[in-house]
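query12.tsv follows (TSV, C-alpha atoms):
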chain	number	residue	atom	x	y	z
X	1	MET	CA	23.24	-91.48	-4.86
X	2	LYS	CA	23.42	-94.73	-2.95
X	3	PHE	CA	26.17	-97.23	-3.76
X	4	ALA	CA	26.42	-100.94	-3.08
X	5	VAL	CA	29.86	-102.36	-2.27
X	6	ILE	CA	29.58	-106.03	-3.19
X	7	VAL	CA	31.38	-108.35	-0.76
X	8	PHE	CA	32.44	-111.77	-2.02
X	9	PRO	CA	34.12	-114.54	-0.04
X	10	GLY	CA	37.74	-113.39	-0.29
X	11	SER	CA	37.12	-109.67	-0.90
X	12	ASN	CA	39.76	-107.70	0.99
X	13	CYS	CA	39.40	-104.18	-0.36
X	14	ASP	CA	35.71	-103.74	0.40
X	15	MET	CA	36.43	-101.56	3.43
X	16	ASP	CA	38.83	-99.42	1.38
X	17	MET	CA	36.11	-98.84	-1.22
X	18	TYR	CA	33.50	-98.08	1.43
X	19	TRP	CA	35.84	-95.65	3.20
X	20	ALA	CA	36.71	-93.80	0.00
X	21	MET	CA	33.14	-93.35	-1.19
X	22	LYS	CA	31.37	-92.79	2.14
X	23	GLU	CA	33.90	-91.27	4.54
X	24	ILE	CA	36.04	-89.31	2.07
X	25	MET	CA	33.52	-88.41	-0.64
X	26	GLY	CA	30.43	-88.28	1.59
X	27	ALA	CA	28.25	-90.55	-0.55
X	28	ASP	CA	25.66	-92.98	0.80
X	29	CYS	CA	27.15	-96.45	0.74
X	30	GLU	CA	26.32	-99.94	2.05
X	31	TYR	CA	27.87	-103.39	1.93
X	32	VAL	CA	25.89	-106.03	0.03
X	33	ARG	CA	26.71	-109.72	0.29
X	34	TYR	CA	27.39	-111.87	-2.77
X	35	ASP	CA	24.39	-114.08	-1.96
X	36	ALA	CA	21.84	-111.26	-1.82
X	37	ASP	CA	19.20	-111.26	-4.54
X	38	SER	CA	18.35	-107.57	-4.87
X	39	LEU	CA	19.99	-104.21	-5.40
X	40	ALA	CA	16.71	-102.32	-5.16
X	41	GLY	CA	17.25	-98.80	-3.86
X	42	PHE	CA	20.84	-98.54	-5.05
X	43	ASP	CA	22.04	-96.17	-7.76
X	44	GLY	CA	25.49	-97.63	-8.40
X	45	VAL	CA	27.65	-100.70	-7.85
X	46	LEU	CA	31.25	-100.93	-6.64
X	47	LEU	CA	33.13	-104.24	-7.05
X	48	PRO	CA	36.20	-104.23	-4.77
X	49	GLY	CA	39.55	-105.94	-5.10
X	50	GLY	CA	40.63	-109.10	-3.36
X	51	PHE	CA	40.60	-112.81	-4.06
X	52	SER	CA	36.97	-113.80	-4.58
X	53	TYR	CA	36.61	-117.52	-3.87
X	54	GLY	CA	40.38	-117.65	-3.45
X	55	ASP	CA	41.00	-117.30	-7.20
X	56	TYR	CA	41.01	-121.11	-7.16
X	57	LEU	CA	39.61	-121.53	-10.66
X	58	ARG	CA	40.43	-118.26	-12.41
X	59	CYS	CA	40.23	-114.75	-11.03
X	60	GLY	CA	36.58	-113.72	-11.00
X	61	ALA	CA	35.37	-116.88	-12.72
X	62	ILE	CA	33.41	-118.21	-9.74
X	63	ALA	CA	32.28	-114.81	-8.47
X	64	ARG	CA	30.74	-114.19	-11.86
X	65	PHE	CA	28.08	-116.78	-10.92
X	66	ALA	CA	27.33	-115.34	-7.48
X	67	ASN	CA	23.68	-114.69	-6.78
X	68	ILE	CA	24.05	-110.90	-6.77
X	69	MET	CA	25.62	-110.75	-10.24
X	70	ASP	CA	22.25	-110.95	-12.00
X	71	GLU	CA	21.40	-107.68	-10.28
X	72	VAL	CA	24.79	-106.16	-11.16
X	73	VAL	CA	24.19	-107.05	-14.82
X	74	ARG	CA	20.69	-105.57	-14.62
X	75	MET	CA	21.96	-102.28	-13.26
X	76	ALA	CA	24.68	-102.14	-15.91
X	77	LYS	CA	22.08	-102.64	-18.64
X	78	GLU	CA	19.97	-99.88	-17.09
X	79	GLY	CA	22.87	-97.44	-17.43
X	80	LYS	CA	23.70	-97.25	-13.74
X	81	PRO	CA	27.40	-96.78	-12.84
X	82	VAL	CA	29.26	-100.04	-12.25
X	83	PHE	CA	32.90	-99.85	-11.23
X	84	GLY	CA	35.30	-102.71	-10.61
X	85	THR	CA	38.88	-102.45	-9.43
X	86	CYS	CA	41.44	-105.27	-9.46
X	87	ASN	CA	39.42	-108.42	-8.71
X	88	GLY	CA	36.34	-106.35	-9.53
X	89	PHE	CA	37.76	-105.71	-13.02
X	90	GLN	CA	38.41	-109.43	-13.41
X	91	ILE	CA	34.80	-110.17	-12.42
X	92	LEU	CA	33.48	-107.66	-14.96
X	93	THR	CA	35.39	-109.34	-17.79
X	94	GLU	CA	34.29	-112.81	-16.66
X	95	ALA	CA	30.68	-111.60	-16.56
X	96	GLY	CA	30.94	-110.24	-20.10
X	97	LEU	CA	30.29	-106.65	-19.01
X	98	LEU	CA	33.72	-105.68	-20.33
X	99	PRO	CA	35.73	-107.30	-23.15
X	100	GLY	CA	39.05	-109.09	-22.76
X	101	ALA	CA	40.58	-111.03	-19.89
X	102	LEU	CA	43.19	-110.68	-17.15
X	103	ARG	CA	46.17	-113.08	-17.13
X	104	ARG	CA	49.15	-113.69	-14.88
X	105	ASN	CA	51.65	-110.84	-14.77
X	106	ASP	CA	54.39	-111.57	-17.28
X	107	SER	CA	56.91	-111.53	-14.42
X	108	LEU	CA	54.84	-114.24	-12.67
X	109	LYS	CA	55.25	-112.12	-9.52
X	110	PHE	CA	52.74	-110.22	-7.39
X	111	ILE	CA	53.14	-106.46	-7.84
X	112	SER	CA	52.30	-104.00	-5.06
X	113	LYS	CA	53.39	-100.38	-5.47
X	114	ILE	CA	52.23	-96.90	-6.40
X	115	THR	CA	52.24	-96.71	-10.18
X	116	PRO	CA	51.95	-93.78	-12.62
X	117	LEU	CA	48.88	-93.94	-14.85
X	118	LYS	CA	47.99	-91.81	-17.83
X	119	VAL	CA	44.38	-90.68	-18.20
X	120	VAL	CA	44.11	-91.25	-21.95
X	121	ASN	CA	40.35	-90.61	-22.02
X	122	ASN	CA	38.99	-87.90	-19.74
X	123	GLN	CA	35.71	-87.71	-21.65
X	124	THR	CA	34.02	-90.38	-19.52
X	125	LYS	CA	31.73	-89.98	-16.54
X	126	PHE	CA	34.44	-91.63	-14.43
X	127	THR	CA	37.33	-89.36	-15.46
X	128	SER	CA	35.89	-85.93	-16.31
X	129	GLU	CA	37.65	-84.27	-13.36
X	130	TYR	CA	41.06	-85.17	-14.80
X	131	GLU	CA	42.94	-83.38	-17.56
X	132	GLU	CA	43.54	-85.18	-20.84
X	133	ASP	CA	46.78	-87.21	-20.61
X	134	GLU	CA	47.15	-86.29	-16.94
X	135	VAL	CA	49.56	-88.62	-15.15
X	136	ILE	CA	48.30	-89.73	-11.76
X	137	GLN	CA	49.77	-91.87	-8.99
X	138	ILE	CA	47.59	-94.88	-8.11
X	139	PRO	CA	48.55	-98.08	-6.24
X	140	VAL	CA	48.43	-101.53	-7.79
X	141	ALA	CA	48.30	-104.86	-5.94
X	142	HIS	CA	47.82	-107.83	-8.24
X	143	GLY	CA	49.28	-111.05	-9.54
X	144	GLU	CA	46.96	-111.37	-12.53
X	145	GLY	CA	46.66	-107.89	-13.97
X	146	ASN	CA	47.98	-108.59	-17.46
X	147	TYR	CA	45.12	-107.33	-19.66
X	148	TYR	CA	44.69	-109.31	-22.86
X	149	CYS	CA	42.36	-109.11	-25.83
X	150	ASP	CA	42.55	-110.20	-29.46
X	151	GLU	CA	43.36	-107.83	-32.30
X	152	GLU	CA	39.72	-107.38	-33.29
X	153	THR	CA	38.73	-106.42	-29.74
X	154	LEU	CA	41.72	-104.09	-29.42
X	155	ALA	CA	40.75	-102.34	-32.65
X	156	ALA	CA	37.21	-101.88	-31.33
X	157	LEU	CA	38.49	-100.50	-28.01
X	158	LYS	CA	40.58	-97.95	-29.88
X	159	ALA	CA	37.84	-97.04	-32.35
X	160	ASN	CA	35.30	-96.47	-29.57
X	161	ASN	CA	37.77	-94.65	-27.29
X	162	GLN	CA	37.21	-97.29	-24.60
X	163	ILE	CA	40.78	-97.34	-23.31
X	164	VAL	CA	40.67	-95.03	-20.28
X	165	PHE	CA	43.92	-95.62	-18.36
X	166	THR	CA	47.34	-96.86	-19.44
X	167	TYR	CA	50.46	-97.58	-17.42
X	168	GLU	CA	52.88	-94.70	-17.88
X	169	GLY	CA	56.52	-95.63	-18.42
X	170	ASP	CA	57.09	-99.29	-17.58
X	171	ASN	CA	54.48	-101.84	-18.60
X	172	ILE	CA	54.41	-103.40	-15.16
X	173	ASN	CA	52.47	-106.56	-15.97
X	174	GLY	CA	52.64	-107.11	-19.73
X	175	SER	CA	49.19	-105.75	-20.57
X	176	VAL	CA	48.35	-105.25	-24.23
X	177	LYS	CA	49.23	-101.66	-25.17
X	178	ASN	CA	49.90	-100.85	-21.48
X	179	ILE	CA	46.14	-100.97	-20.80
X	180	ALA	CA	45.26	-100.40	-17.14
X	181	GLY	CA	41.54	-99.64	-17.41
X	182	ILE	CA	38.72	-99.75	-19.96
X	183	ILE	CA	35.07	-98.75	-20.22
X	184	ASN	CA	32.09	-100.26	-22.02
X	185	LYS	CA	30.65	-98.69	-25.17
X	186	GLU	CA	27.74	-97.22	-23.23
X	187	GLY	CA	30.08	-95.45	-20.82
X	188	ASN	CA	28.63	-96.69	-17.51
X	189	VAL	CA	30.81	-99.75	-16.71
X	190	LEU	CA	34.49	-99.22	-15.97
X	191	GLY	CA	37.13	-101.67	-14.84
X	192	MET	CA	40.75	-101.03	-13.91
X	193	MET	CA	43.50	-102.95	-12.15
X	194	PRO	CA	44.90	-100.03	-10.08
X	195	HIS	CA	43.13	-99.01	-6.86
X	196	PRO	CA	41.86	-95.38	-6.85
X	197	GLU	CA	40.18	-96.04	-3.49
X	198	ARG	CA	43.66	-96.41	-2.00
X	199	ALA	CA	44.66	-92.96	-3.25
X	200	VAL	CA	42.19	-90.63	-1.56
X	201	GLU	CA	44.30	-89.30	1.32
X	202	ALA	CA	47.79	-87.78	1.47
X	203	LEU	CA	48.56	-90.21	4.29
X	204	LEU	CA	48.26	-93.04	1.76
X	205	GLY	CA	50.85	-91.46	-0.56
X	206	SER	CA	48.47	-89.99	-3.13
X	207	GLU	CA	45.13	-88.19	-3.35
X	208	ASP	CA	44.82	-88.65	-7.11
X	209	GLY	CA	41.95	-91.12	-6.74
X	210	LYS	CA	39.61	-88.47	-5.34
X	211	LYS	CA	39.00	-87.00	-8.79
X	212	PHE	CA	37.88	-90.43	-9.97
X	213	PHE	CA	35.14	-90.70	-7.36
X	214	ALA	CA	34.27	-87.02	-7.75
X	215	SER	CA	33.70	-87.65	-11.47
X	216	ILE	CA	31.28	-90.47	-10.69
X	217	LEU	CA	29.29	-88.39	-8.21
X	218	ASN	CA	29.23	-85.26	-10.37
X	219	ASN	CA	28.17	-87.01	-13.57
X	220	PHE	CA	25.97	-89.92	-12.59
X	221	GLY	CA	24.44	-87.93	-9.75
X	222	LYS	CA	23.13	-85.41	-12.27
X	223	VAL	CA	21.74	-88.19	-14.46
X	224	ASN	CA	19.88	-89.81	-11.57
X	225	ALA	CA	18.74	-86.59	-9.92
Translate the structure of the given file into structure tokens.
Amino acid sequence: MKFAVIVFPGSNCDMDMYWAMKEIMGADCEYVRYDADSLAGFDGVLLPGGFSYGDYLRCGAIARFANIMDEVVRMAKEGKPVFGTCNGFQILTEAGLLPGALRRNDSLKFISKITPLKVVNNQTKFTSEYEEDEVIQIPVAHGEGNYYCDEETLAALKANNQIVFTYEGDNINGSVKNIAGIINKEGNVLGMMPHPERAVEALLGSEDGKKFFASILNNFGKVNA
């Protein structure tokens, strides 16, 4: 599989994502600029964290209109894996590829620390390497990670088993039902605020993110083989 790491003005975790997928997991990976007009030849999309366009309007709201997003939407509709972490998650919600929105942390403070997450759905192509309800240690680094959706959307997320990760213990940012990551109904677009790409080496404090990327390669690789 060949993955595109989309780089927006203000992305700052693109190298982390590239390192995790290419150097740690051994997958083919390339950077693609926000103003490119094609993702031909790629099998998956990775939207990194950061501050696209400085978050001047609303996190992800400007990036959603970047030239490359038409191609990201196309690949999502074709069933290709699309993953967004932190700012990438925000972009996915702004683009309508995932429901809900991300708001300011209820503390109004930026949070940066390793955080315990519960894998509440290990039946996805992104989490199959984890055990059900496994608690993993993954870093967060965000000021607007407070996931919000209305009651109707929340009911649909629960009914369709689309809630994938929840914050274990403290609700660090005020997210509805401790939600840290969700997936689309079709199972090929996942967004989460924590950074699994920053948890792929013991040197970083956790290797729990490796199973996340292994799940992607093992499952989507078979589909596209």
- prompt: Which neighbours of X:Lys210 fall inside 8 Å, counting all atoms listed in the file, when residues of the same chain fewer than 2 positions from it are skipped, and could you give them as a PyMOL selection string?
  reply: chain X and resi 25+196-197+199-200+207-208+212-214
Print the selection's residues with C-alpha atoms to a file, as an mmCIF file, in the frame of the given file.
data_model
loop_
_atom_site.group_PDB
_atom_site.id
_atom_site.type_symbol
_atom_site.label_atom_id
_atom_site.label_comp_id
_atom_site.auth_asym_id
_atom_site.auth_seq_id
_atom_site.Cartn_x
_atom_site.Cartn_y
_atom_site.Cartn_z
ATOM 1 C CA MET X 25 33.520 -88.410 -0.640
ATOM 2 C CA PRO X 196 41.860 -95.380 -6.850
ATOM 3 C CA GLU X 197 40.180 -96.040 -3.490
ATOM 4 C CA ALA X 199 44.660 -92.960 -3.250
ATOM 5 C CA VAL X 200 42.190 -90.630 -1.560
ATOM 6 C CA GLU X 207 45.130 -88.190 -3.350
ATOM 7 C CA ASP X 208 44.820 -88.650 -7.110
ATOM 8 C CA PHE X 212 37.880 -90.430 -9.970
ATOM 9 C CA PHE X 213 35.140 -90.700 -7.360
ATOM 10 C CA ALA X 214 34.270 -87.020 -7.750
#
message: Ranking X:Ile179, X:Val140, X:Val135, X:Leu108 by minimum distance to X:Asn87 and counting all atoms listed in the file, which one comes first?
response: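 With all atoms listed in the file as the atom set, the closest residue is X:Val140.
Rounded to one decimal, atom CA of X:Phe126 and atom CA of X:Met1 lie 14.7 Å from each other.
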Given all atoms listed in the file, how would the per-residue table for stretch 89-135 of chain X near stretch 60-68 of chain X read, listing every residue at most 7 Å away with its closest atom pair and distance in Å to one decimal, sorted by chain and number, as JSON lines?
{"residue": "X:Gln90", "atom": "CA", "partner": "X:Gly60", "partner_atom": "CA", "distance": 5.2}
{"residue": "X:Ile91", "atom": "CA", "partner": "X:Gly60", "partner_atom": "CA", "distance": 4.2}
{"residue": "X:Glu94", "atom": "CA", "partner": "X:Ala61", "partner_atom": "CA", "distance": 5.8}
{"residue": "X:Ala95", "atom": "CA", "partner": "X:Arg64", "partner_atom": "CA", "distance": 5.4}
task: Quote the spacing between atom CA of X:Leu117 and atom CA of X:Glu131 in Å to one decimal place.
output: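 Rounded to one decimal, the two atoms are 12.4 Å apart.
For the residues X:Gly26, X:Gly49, X:Glu134, X:Glu71, ranking by smallest atom-to-atom distance to X:Cys13 using all atoms listed in the file places X:Gly49 first.
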Please return the centre and edge lengths, in Å to one decimal, of a box with edges along x, y and z that contains all listed atoms of stretch 89-92 of chain X, widened by 4 Å on every side, as JSON.
{"center_x": 35.9, "center_y": -107.9, "center_z": -13.7, "size_x": 12.9, "size_y": 12.5, "size_z": 10.5}
- request: Measure the distance from atom CA of X:Ser215 to atom CA of X:Asn121 in Å and round it to one decimal.
  value: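 Separation between atom CA of X:Ser215 and atom CA of X:Asn121: 12.8 Å.
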task: Using only C-alpha atoms, give me every residue within 8 Å of (29.1, -101.8, -13.1) in file coordinates, as a list in words.
output: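 Protein and nucleic acid residues near the point are Gly44, Val45, Leu46, Leu47, Val72, Val73, Met75, Ala76, Lys80, Pro81, Val82, Phe83, Gly84, Leu92, Leu97, Asn188, Val189 and Leu190 of chain X.
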- prompt: Which of these, X:Lys77, X:Lys177, X:Arg104, X:His195, has the shortest distance to X:Met17 once you count only C-alpha atoms?
  reply: X:His195
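In terms of minimum interatomic distance to X:Ala27, X:Gly221 ranks closest within X:Gly221, X:Gly205, X:Pro194, X:Gly145, counting only C-alpha atoms.
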task: Taking (26.7, -108.8, -0.2) in the file's own coordinates, collect the residues within 8 Å, counting only C-alpha atoms, and hand them back as a count of residues only.
output: 11
